[in-house]
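Below: final.txt (compact mmCIF, C-alpha atoms)
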```txt
# COMPACT_ATOMS: atom_id res chain seq x y z
CA MET A 1 -30.96 25.62 12.14
CA GLY A 2 -33.29 26.70 14.94
CA ARG A 3 -32.00 26.39 18.46
CA GLN A 4 -33.22 23.29 20.21
CA PRO A 5 -35.18 23.59 23.47
CA LEU A 6 -32.91 23.34 26.49
CA ARG A 7 -34.52 20.15 27.77
CA GLY A 8 -34.14 18.44 24.42
CA ARG A 9 -30.51 19.50 24.14
CA LEU A 10 -29.66 18.27 27.63
CA THR A 11 -31.33 14.94 26.97
CA ALA A 12 -29.44 14.60 23.69
CA LEU A 13 -26.21 15.48 25.49
CA ALA A 14 -26.83 12.73 28.04
CA GLY A 15 -27.57 10.34 25.18
CA ILE A 16 -24.38 11.23 23.31
CA LEU A 17 -22.22 10.76 26.40
CA LEU A 18 -23.88 7.48 27.41
CA VAL A 19 -23.47 6.10 23.90
CA ALA A 20 -19.82 7.11 23.90
CA PHE A 21 -19.20 5.35 27.21
CA SER A 22 -20.94 2.17 26.08
CA ALA A 23 -19.52 2.07 22.53
CA ARG A 24 -16.18 0.32 23.01
CA GLU A 25 -16.55 -2.24 25.81
CA ALA A 26 -17.43 -4.88 23.23
CA VAL A 27 -14.07 -4.27 21.55
CA SER A 28 -11.77 -4.47 24.58
CA ALA A 29 -13.58 -6.84 26.95
CA VAL A 30 -12.59 -10.03 25.12
CA SER A 31 -8.81 -9.81 24.64
CA PRO A 32 -7.89 -10.26 28.34
CA LEU A 33 -10.18 -13.33 28.49
CA LEU A 34 -8.89 -15.31 25.51
CA GLY A 35 -7.46 -17.95 27.85
CA PRO A 36 -10.67 -18.64 29.80
CA ILE A 37 -12.76 -18.43 26.63
CA SER A 38 -10.49 -20.94 24.88
CA ALA A 39 -11.14 -23.42 27.66
CA ASP A 40 -14.79 -23.56 26.52
CA LEU A 41 -14.49 -22.54 22.88
CA PRO A 42 -11.27 -23.75 21.21
CA LEU A 43 -9.91 -20.55 19.66
CA ASP A 44 -6.97 -21.32 17.38
CA ALA A 45 -4.63 -18.78 15.77
CA VAL A 46 -6.84 -18.36 12.70
CA THR A 47 -9.99 -17.82 14.76
CA THR A 48 -8.19 -15.35 16.99
CA GLY A 49 -6.97 -13.50 13.91
CA ILE A 50 -10.52 -13.30 12.55
CA LEU A 51 -11.71 -12.06 15.93
CA GLY A 52 -9.08 -9.33 15.83
CA MET A 53 -10.21 -8.19 12.37
CA LEU A 54 -13.93 -8.01 13.18
CA PRO A 55 -13.90 -4.52 14.77
CA THR A 56 -12.38 -2.66 11.84
CA ALA A 57 -14.25 -4.82 9.32
CA GLY A 58 -17.55 -4.12 11.07
CA PHE A 59 -16.80 -0.41 11.32
CA ALA A 60 -15.98 -0.34 7.61
CA MET A 61 -19.16 -2.13 6.53
CA MET A 62 -21.36 0.24 8.53
CA GLY A 63 -19.47 3.17 7.10
CA PHE A 64 -20.50 2.09 3.62
CA LEU A 65 -24.06 1.12 4.57
CA ALA A 66 -24.62 4.34 6.48
CA LEU A 67 -24.54 6.49 3.34
CA PRO A 68 -27.88 5.19 1.96
CA LEU A 69 -29.31 4.84 5.45
CA LEU A 70 -28.66 8.49 6.25
CA ARG A 71 -30.77 9.48 3.24
CA ARG A 72 -33.83 7.63 4.47
CA ILE A 73 -33.76 7.38 8.27
CA GLN A 74 -33.56 9.97 11.03
CA LEU A 75 -30.28 10.11 12.93
CA GLU A 76 -31.98 9.34 16.24
CA HIS A 77 -33.60 6.21 14.79
CA LEU A 78 -30.27 5.06 13.34
CA LEU A 79 -28.61 5.53 16.72
CA LEU A 80 -31.29 3.40 18.38
CA VAL A 81 -30.65 0.70 15.76
CA SER A 82 -26.94 0.86 16.57
CA ILE A 83 -27.66 0.49 20.29
CA LEU A 84 -29.93 -2.50 19.58
CA LEU A 85 -27.23 -4.20 17.49
CA THR A 86 -24.53 -3.57 20.09
CA THR A 87 -26.70 -4.86 22.92
CA LEU A 88 -27.90 -7.92 21.01
CA GLY A 89 -24.38 -8.75 19.88
CA GLN A 90 -22.94 -8.61 23.38
CA VAL A 91 -25.72 -10.72 24.88
CA GLY A 92 -25.53 -13.27 22.07
CA ARG A 93 -21.74 -13.48 22.30
CA ALA A 94 -21.92 -14.14 26.04
CA LEU A 95 -24.34 -16.99 25.33
CA GLY A 96 -22.31 -18.20 22.34
CA TRP A 97 -22.49 -21.98 22.31
CA ASN A 98 -19.82 -22.52 19.67
CA ILE A 99 -17.18 -20.57 17.77
CA PRO A 100 -19.39 -19.64 14.78
CA ALA A 101 -22.04 -18.23 17.13
CA PHE A 102 -19.40 -16.39 19.14
CA LEU A 103 -17.94 -14.80 16.01
CA MET A 104 -21.34 -14.05 14.48
CA PHE A 105 -22.60 -12.15 17.53
CA THR A 106 -19.27 -10.37 17.87
CA TRP A 107 -19.77 -9.23 14.28
CA VAL A 108 -23.27 -7.96 15.15
CA ALA A 109 -21.87 -5.95 18.05
CA MET A 110 -19.14 -4.46 15.85
CA LEU A 111 -21.74 -3.43 13.27
CA GLY A 112 -23.60 -1.58 15.99
CA ILE A 113 -20.46 0.22 17.13
CA GLY A 114 -19.61 1.05 13.52
CA LEU A 115 -23.00 2.69 13.08
CA VAL A 116 -22.41 4.73 16.24
CA ASN A 117 -19.10 5.94 14.80
CA VAL A 118 -20.85 7.26 11.68
CA VAL A 119 -23.95 8.77 13.26
CA ILE A 120 -22.35 10.74 16.11
CA PRO A 121 -20.65 13.51 14.01
CA PRO A 122 -23.85 14.64 12.27
CA LEU A 123 -25.73 14.35 15.57
CA LEU A 124 -23.25 16.80 17.11
CA VAL A 125 -23.90 19.19 14.24
CA LYS A 126 -27.66 18.79 14.60
CA TYR A 127 -27.92 19.42 18.34
CA PHE A 128 -24.76 21.37 19.16
CA PRO A 129 -23.50 23.15 16.03
CA ASP A 130 -21.65 25.71 18.18
CA LYS A 131 -20.07 23.10 20.51
CA THR A 132 -18.75 20.44 18.15
CA GLY A 133 -15.17 20.84 19.39
CA ILE A 134 -15.77 20.30 23.10
CA LEU A 135 -18.34 17.56 22.52
CA ALA A 136 -16.09 15.75 20.07
CA ALA A 137 -13.41 15.88 22.77
CA LEU A 138 -15.79 14.46 25.39
CA HIS A 139 -17.05 11.78 23.00
CA VAL A 140 -13.60 10.52 22.04
CA THR A 141 -12.43 10.69 25.66
CA LEU A 142 -15.32 8.55 26.81
CA LEU A 143 -14.56 6.06 24.03
CA GLY A 144 -11.11 5.71 25.56
CA VAL A 145 -12.52 5.43 29.07
CA SER A 146 -14.89 2.66 28.03
CA THR A 147 -12.07 0.81 26.29
CA ALA A 148 -9.84 0.98 29.36
CA VAL A 149 -12.58 0.20 31.90
CA ALA A 150 -13.73 -2.93 30.08
CA ALA A 151 -10.18 -4.23 29.65
CA GLN A 152 -9.29 -3.56 33.29
CA SER A 153 -12.52 -5.10 34.64
CA ALA A 154 -12.52 -8.20 32.43
CA ILE A 155 -10.52 -10.50 34.73
CA PRO A 156 -12.15 -9.38 38.02
CA PHE A 157 -15.63 -9.86 36.56
CA ALA A 158 -14.62 -13.27 35.21
CA HIS A 159 -13.43 -14.28 38.68
CA LEU A 160 -16.86 -13.41 40.02
CA HIS A 161 -19.13 -15.30 37.62
CA GLY A 162 -17.06 -16.53 34.66
CA TRP A 163 -16.08 -15.11 31.29
CA ARG A 164 -19.62 -15.11 29.90
CA PHE A 165 -20.76 -12.74 32.63
CA SER A 166 -17.66 -10.62 32.16
CA ILE A 167 -18.27 -9.94 28.46
CA GLY A 168 -22.06 -9.86 28.74
CA ILE A 169 -22.46 -7.36 31.56
CA TRP A 170 -21.59 -4.47 29.24
CA ALA A 171 -24.80 -5.04 27.30
CA ALA A 172 -26.61 -3.43 30.23
CA PHE A 173 -24.70 -0.18 29.67
CA SER A 174 -25.58 -0.26 25.98
CA ALA A 175 -29.26 -0.71 26.79
CA VAL A 176 -29.24 2.22 29.24
CA ALA A 177 -27.79 4.45 26.52
CA ALA A 178 -31.04 4.05 24.57
CA ILE A 179 -33.17 5.74 27.25
CA PRO A 180 -32.28 9.40 26.48
CA TRP A 181 -32.89 8.88 22.76
CA LEU A 182 -36.29 7.32 23.41
CA LEU A 183 -37.12 10.44 25.45
CA VAL A 184 -35.85 12.71 22.65
CA LEU A 185 -38.03 10.95 20.08
CA ALA A 186 -41.03 11.05 22.41
CA GLY A 187 -40.54 14.80 22.75
CA LYS A 188 -40.33 15.19 18.97
CA ARG A 189 -43.58 13.30 18.48
CA THR A 190 -45.28 15.52 21.04
CA ALA A 191 -43.96 18.66 19.34
CA ALA A 192 -44.97 17.36 15.91
CA ARG A 193 -48.61 17.16 16.95
CA SER A 194 -48.63 20.93 17.46
CA ARG A 195 -47.13 21.66 14.01
CA THR A 196 -48.74 21.40 10.62
CA SER A 197 -45.56 20.08 9.00
CA PRO A 198 -42.92 17.89 10.63
CA ALA A 199 -40.41 18.61 7.86
CA SER A 200 -37.61 19.36 10.30
CA ASN A 201 -37.71 15.75 11.45
CA ARG A 202 -37.10 14.33 8.00
CA PRO A 203 -33.65 12.90 7.35
CA PRO A 204 -31.38 15.40 5.57
CA THR A 205 -30.60 14.73 1.96
CA THR A 206 -27.06 13.54 1.30
CA ASN A 207 -27.40 13.05 -2.45
CA ALA A 208 -25.73 16.36 -3.36
CA VAL A 209 -22.60 15.72 -1.27
CA LYS A 210 -20.28 13.09 -2.75
CA PRO A 211 -17.15 12.83 -0.60
CA TRP A 212 -15.60 10.23 -2.92
CA ARG A 213 -15.30 13.00 -5.51
CA SER A 214 -13.39 15.29 -3.13
CA SER A 215 -9.85 15.28 -1.79
CA ILE A 216 -11.37 16.06 1.60
CA GLY A 217 -13.25 12.75 1.58
CA TRP A 218 -10.21 10.74 0.57
CA GLY A 219 -7.96 12.67 2.92
CA VAL A 220 -10.07 11.94 5.99
CA ALA A 221 -10.41 8.30 4.84
CA LEU A 222 -6.61 7.94 4.65
CA ILE A 223 -6.25 9.46 8.12
CA PHE A 224 -8.68 6.89 9.53
CA ALA A 225 -6.86 4.11 7.66
CA GLY A 226 -3.46 5.13 8.98
CA CYS A 227 -4.43 5.72 12.58
CA SER A 228 -6.67 2.66 12.91
CA SER A 229 -4.18 0.24 11.34
CA ASN A 230 -1.54 1.41 13.82
CA THR A 231 -3.78 1.46 16.87
CA PHE A 232 -5.47 -1.90 16.33
CA ALA A 233 -2.17 -3.59 15.44
CA ALA A 234 -0.71 -2.34 18.72
CA LEU A 235 -3.74 -3.41 20.72
CA THR A 236 -3.44 -6.89 19.22
CA TRP A 237 0.33 -7.44 19.13
CA LEU A 238 2.12 -5.14 21.59
CA PRO A 239 2.24 -7.69 24.43
CA ALA A 240 3.61 -10.35 22.08
CA VAL A 241 6.34 -7.97 20.90
CA LEU A 242 7.39 -7.07 24.43
CA ILE A 243 7.33 -10.68 25.61
CA ASP A 244 9.52 -11.62 22.65
CA ARG A 245 11.99 -8.97 23.82
CA GLY A 246 12.20 -10.59 27.26
CA MET A 247 9.43 -8.92 29.24
CA SER A 248 7.22 -10.97 31.53
CA GLN A 249 3.63 -11.64 30.52
CA GLU A 250 2.26 -9.63 33.44
CA THR A 251 4.43 -6.61 32.70
CA ALA A 252 3.60 -6.80 29.00
CA GLY A 253 -0.10 -6.73 29.89
CA SER A 254 0.50 -3.65 32.02
CA MET A 255 2.25 -1.99 29.08
CA LEU A 256 -0.83 -2.60 26.93
CA ALA A 257 -3.03 -1.05 29.62
CA LEU A 258 -0.68 1.94 29.75
CA TYR A 259 -0.79 2.29 25.97
CA SER A 260 -4.60 2.27 26.03
CA ILE A 261 -4.90 4.79 28.87
CA LEU A 262 -2.67 7.30 27.09
CA ALA A 263 -5.38 7.84 24.49
CA LEU A 264 -7.46 9.66 27.11
CA PRO A 265 -5.56 12.92 27.74
CA VAL A 266 -4.84 13.57 24.08
CA ALA A 267 -8.42 12.72 23.12
CA LEU A 268 -9.65 15.48 25.41
CA VAL A 269 -7.20 18.15 24.24
CA VAL A 270 -6.85 17.53 20.49
CA PRO A 271 -10.35 18.56 19.30
CA LEU A 272 -10.18 21.79 21.30
CA VAL A 273 -6.90 22.69 19.60
CA VAL A 274 -7.77 21.52 16.08
CA VAL A 275 -11.05 23.45 15.81
CA ARG A 276 -9.08 26.68 16.31
CA MET A 277 -6.43 25.97 13.66
CA PRO A 278 -7.17 26.83 10.02
CA ARG A 279 -4.37 24.47 8.93
CA PRO A 280 -3.98 21.70 11.53
CA LEU A 281 -1.37 19.61 9.67
CA PRO A 282 1.31 20.14 12.39
CA VAL A 283 -0.90 18.36 14.92
CA ALA A 284 -1.20 15.27 12.72
CA ILE A 285 2.55 15.24 12.00
CA LEU A 286 3.28 15.48 15.72
CA PHE A 287 1.36 12.25 16.30
CA VAL A 288 3.03 10.54 13.33
CA VAL A 289 6.43 11.40 14.80
CA ALA A 290 5.33 10.11 18.23
CA PHE A 291 4.32 6.76 16.72
CA ALA A 292 7.60 6.45 14.81
CA ILE A 293 9.84 7.35 17.78
CA GLY A 294 7.93 5.00 20.05
CA TYR A 295 8.25 2.14 17.58
CA ALA A 296 12.00 2.70 17.20
CA GLY A 297 12.44 2.54 20.95
CA ILE A 298 10.30 -0.57 21.33
CA ILE A 299 12.36 -2.36 18.66
CA TRP A 300 15.91 -1.26 19.44
CA ALA A 301 16.13 0.29 22.92
CA PRO A 302 16.87 -1.87 26.00
CA PRO A 303 13.72 -3.62 27.23
CA ALA A 304 14.12 -1.96 30.61
CA SER A 305 13.24 1.38 29.00
CA ALA A 306 10.15 0.03 27.23
CA VAL A 307 7.77 2.10 29.36
CA ILE A 308 9.21 5.31 27.87
CA TRP A 309 8.68 4.18 24.29
CA VAL A 310 5.22 2.76 24.98
CA ILE A 311 4.21 6.15 26.42
CA ILE A 312 5.53 7.99 23.38
CA ALA A 313 3.83 5.62 20.94
CA GLY A 314 0.64 5.72 23.01
CA LEU A 315 0.42 9.49 22.67
CA GLY A 316 0.29 8.98 18.91
CA GLN A 317 -3.25 7.69 19.34
CA GLY A 318 -4.34 11.31 19.51
CA VAL A 319 -4.54 11.18 15.74
CA TYR A 320 -7.89 9.37 16.04
CA SER A 321 -9.30 12.43 17.79
CA PHE A 322 -7.81 14.47 14.97
CA ALA A 323 -9.60 12.35 12.36
CA PHE A 324 -12.91 12.50 14.20
CA THR A 325 -12.68 16.28 14.60
CA MET A 326 -11.84 16.86 10.94
CA ILE A 327 -15.21 15.39 9.90
CA ASN A 328 -17.07 18.39 11.27
CA LYS A 329 -14.23 20.86 10.73
CA ARG A 330 -14.33 20.30 6.98
CA THR A 331 -18.14 20.23 6.61
CA ARG A 332 -20.79 22.91 7.03
CA THR A 333 -24.02 20.92 7.22
CA GLN A 334 -25.54 17.95 8.94
CA SER A 335 -25.89 16.12 5.63
CA GLY A 336 -22.27 16.87 4.69
CA SER A 337 -21.05 15.64 8.06
CA GLY A 338 -23.02 12.40 7.71
CA ALA A 339 -21.80 11.76 4.18
CA LEU A 340 -18.16 12.43 5.04
CA SER A 341 -18.40 10.39 8.24
CA GLY A 342 -19.82 7.35 6.45
CA PHE A 343 -17.46 7.46 3.49
CA ALA A 344 -14.27 8.22 5.39
CA GLN A 345 -14.88 5.61 8.09
CA GLY A 346 -16.06 3.00 5.58
CA VAL A 347 -12.97 3.33 3.39
CA GLY A 348 -10.61 4.00 6.28
CA TYR A 349 -11.59 1.04 8.43
CA ALA A 350 -11.73 -1.28 5.41
CA LEU A 351 -8.11 -0.46 4.63
CA ALA A 352 -7.12 -0.59 8.30
CA SER A 353 -8.55 -4.08 8.83
CA VAL A 354 -5.48 -5.61 7.19
CA GLY A 355 -3.09 -3.91 9.64
CA PRO A 356 -3.27 -6.37 12.57
CA PHE A 357 -3.31 -9.34 10.16
CA LEU A 358 -0.24 -8.19 8.19
CA PHE A 359 1.62 -7.32 11.38
CA GLY A 360 1.62 -10.96 12.47
CA LEU A 361 2.07 -12.33 8.96
CA LEU A 362 5.23 -10.29 8.35
CA HIS A 363 6.94 -11.44 11.54
CA HIS A 364 9.42 -14.31 11.49
CA PRO A 365 11.57 -15.53 14.40
CA GLY A 366 14.75 -13.53 14.76
CA ASP A 367 13.69 -10.51 12.67
CA GLY A 368 13.06 -8.34 15.73
CA TRP A 369 9.61 -7.43 14.41
CA VAL A 370 11.27 -4.89 12.09
CA PRO A 371 9.23 -5.87 8.98
CA SER A 372 6.01 -5.66 11.01
CA PHE A 373 6.76 -2.21 12.34
CA GLY A 374 7.99 -1.18 8.90
CA MET A 375 4.49 -1.93 7.63
CA LEU A 376 3.05 0.35 10.31
CA VAL A 377 5.44 3.12 9.32
CA ALA A 378 4.14 2.78 5.76
CA TRP A 379 0.65 3.36 7.11
CA LEU A 380 1.96 6.45 8.90
CA LEU A 381 3.00 7.80 5.51
CA VAL A 382 -0.54 7.14 4.27
CA LEU A 383 -1.87 9.00 7.31
CA SER A 384 0.45 11.94 6.60
CA ALA A 385 -0.73 12.12 2.99
CA GLY A 386 -4.34 12.25 4.18
CA ALA A 387 -3.53 15.04 6.64
CA VAL A 388 -1.95 17.07 3.82
CA MET A 389 -5.08 16.58 1.70
CA VAL A 390 -7.38 18.05 4.37
CA ASN A 391 -5.04 20.78 5.60
CA LYS A 392 -6.31 23.54 3.30
CA PRO A 393 -9.12 25.55 4.98
CA ARG A 394 -12.12 24.66 2.82
CA LEU A 395 -15.42 22.82 3.22
CA LEU A 396 -16.73 19.70 1.52
CA GLU A 397 -20.04 21.29 0.55
CA ASP A 398 -18.31 24.03 -1.43
CA ALA A 399 -17.58 21.50 -4.15
CA PHE A 400 -21.30 20.53 -4.30
CA PRO A 401 -23.18 23.81 -3.86
CA VAL A 402 -26.64 22.60 -4.90
CA GLY A 403 -29.01 21.36 -2.20
CA THR A 404 -26.55 21.47 0.72
CA ALA A 405 -28.21 24.04 2.93
CA ARG A 406 -28.27 23.10 6.58
CA PRO A 407 -31.52 21.33 7.38
```

Can the structure from this file be put into structure tokens for me?
Amino acid sequence: MGRQPLRGRLTALAGILLVAFSAREAVSAVSPLLGPISADLPLDAVTTGILGMLPTAGFAMMGFLALPLLRRIQLEHLLLVSILLTTLGQVGRALGWNIPAFLMFTWVAMLGIGLVNVVIPPLLVKYFPDKTGILAALHVTLLGVSTAVAAQSAIPFAHLHGWRFSIGIWAAFSAVAAIPWLLVLAGKRTAARSRTSPASNRPPTTNAVKPWRSSIGWGVALIFAGCSSNTFAALTWLPAVLIDRGMSQETAGSMLALYSILALPVALVVPLVVVRMPRPLPVAILFVVAFAIGYAGIIWAPPASAVIWVIIAGLGQGVYSFAFTMINKRTRTQSGSGALSGFAQGVGYALASVGPFLFGLLHHPGDGWVPSFGMLVAWLLVLSAGAVMVNKPRLLEDAFPVGTARP
């Protein structure tokens, strides 16, 4: 791949970082506002459960749809589509006049975020093939920042102008993220006029790379399934668990904020470490152990020590950074990265979408949430199996040698 002009690379970098910062507010901005929202839109337990499943379900659907899209459409155009969906979904949800409309536009926003998840890894390969580790770290870190900022700001914004303003304001950040990519595409069109053939702008072929026929593809998919089922179950149910153990509602909310914030430091460090390790299995196992120890403490330790166990479990979220980094670590080309990203996230998030639902379904009064956390431990075993499958230092394209040269 030829080196991109400095201006184009800097603009793409700004676009990647802005997209990362604006890509998760739609996920975390609603949960703190369920009470005020319910005053206008009667959200019952079933509706709330559906709302909790929409992120992973949306991410999964876009993972599957992205595979054919990547064959036909430029990455930059796909990213603009994702920004449009995210922005439209957030605006429509804020205007939602009834529950079906609220859920429908939430689904649109989640589809947009899911497309972002798939497109970013091959974009990193395209613009920064020598910096995928540090940029993956920055991207995942900013995802965590956006998640925490939206959750922390939800109530103050609602106090200013109501819950509709609070969940709708983040659409402005999504819209701003489109500006650098419009500039990048404008620059490409200008450059294309001076060339006889714009072949470098064509979408890379992904036909030759079939991740579903490789243990690498299934391994990364299982890692996404394991980490997402655990993380989204905790984001949905951790306050309820702690309140059931005797903690006040306010303190339980603070524990959820603490859990979310802990994703930030590990997200920044993990990609930088993993890209330098030929066999990074120990990193994944470290996070599995952190989850398991944290869960044991949350269930059985005195409630007064809950902060310790929440911190330990929260550090386990670093496995998401591990999964994201492995997409580019186990691929050589832009097309391979796109194919693996779409397949692994489609399968992984589809499996993970049942995690938050089963967590609540398995709980019965008096059982101490043991069956629910037992289900999460089972997902940790799935995660571990996936990490073993991708541990061997090899590349996805090596199994499909025809037509996989870097575009």

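Near segment 212-227 of chain A, within 7 Å and counting only C-alpha atoms, sit Val319, Tyr320, Ala323, Leu340, Ala344, Gln345, Val347, Gly348, Tyr349, Leu351, Ala352, Trp379, Leu380, Val382, Leu383, Gly386, Ala387, Met389, Val390 and Leu396 of chain A; same-chain residues fewer than 6 positions away were not included.
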
Polymer residues at most 10 Å from (-34.4, 7.9, 23.3) by only C-alpha atoms, as a ChimeraX atom specification: /A:11-12,15,76-77,79-80,176-187

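Each of A:Phe165, A:Phe173, A:Phe102, A:Tyr127 was checked against Phe21 of chain A using only C-alpha atoms; the smallest atom-to-atom distance is that of A:Phe173.
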
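The nearest approach to Val274 of chain A among the residues A:Ala304, A:Ala14, A:Ala136, A:Met61, with only C-alpha atoms taken into account, belongs to A:Ala136.
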
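Taking only C-alpha atoms, the non-local environment of Gly114 of chain A within 7 Å (same-chain residues fewer than 4 positions away omitted) comprises Gly58, Phe59, Met62, Gly63, Met110 and Val118 of chain A.
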
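Closest approach to Asn230 of chain A among A:Leu85, A:Ala292, A:Ala158, A:Leu41: A:Ala292, based on only C-alpha atoms.
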
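The interatomic distance for the pair atom CA of Lys392 of chain A and atom CA of Arg279 of chain A works out to 6.0 Å.
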
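For the choices A:Ala208, A:Leu69, A:Val307, A:Leu264, the atom-to-atom distance to Ala148 of chain A is smallest for A:Leu264 when using all atoms listed in the file.
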
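Considering all atoms listed in the file, the residue among A:Leu51, A:Leu70, A:Val91, A:Leu124 positioned nearest to Val27 of chain A is A:Leu51.
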
Using all atoms listed in the file: which of A:Ala263, A:Ile308, A:Leu43, A:Ala172 has the shortest distance to Asn98 of chain A: A:Leu43

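Counting all atoms listed in the file, segment 65-67 of chain A has the following residues at most 9 Å away, ignoring those fewer than 3 positions along the same chain: Ala60, Met61, Met62, Leu70, Arg71, Leu78, Leu115, Val118, Val119, Thr206, Gly338, Ala339, Leu340, Ser341, Gly342, Phe343 and Gly346 of chain A.
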
For Ile311 of chain A: contacts at 12 Å, all atoms listed in the file, fewer than 2 positions along chain excluded, given as number ranges by chain: A: 254-263, 265-266, 290-291, 293-295, 297-298, 305-309, 313-317

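Atom CA of Ser28 of chain A is positioned 12.4 Å from atom CA of Ile113 of chain A.
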
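Separating atom CA of Leu138 of chain A from atom CA of Leu381 of chain A is a distance of 28.2 Å.
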
Can you tell me, as a PDB file with C-alpha atoms, keeping the file's coordinate frame, what residues are no more than 10 Å from Pro278 of chain A when counting all atoms listed in the file, ignoring any on the same chain fewer than 6 positions away?
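And here is the file that came out, result35.pdb:
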```
ATOM      1  CA  LYS A 329     -14.230  20.860  10.730  1.00  0.00           C
ATOM      2  CA  ASN A 391      -5.040  20.780   5.600  1.00  0.00           C
ATOM      3  CA  LYS A 392      -6.310  23.540   3.300  1.00  0.00           C
ATOM      4  CA  PRO A 393      -9.120  25.550   4.980  1.00  0.00           C
ATOM      5  CA  ARG A 394     -12.120  24.660   2.820  1.00  0.00           C
TER       6      ARG A 394
END
```
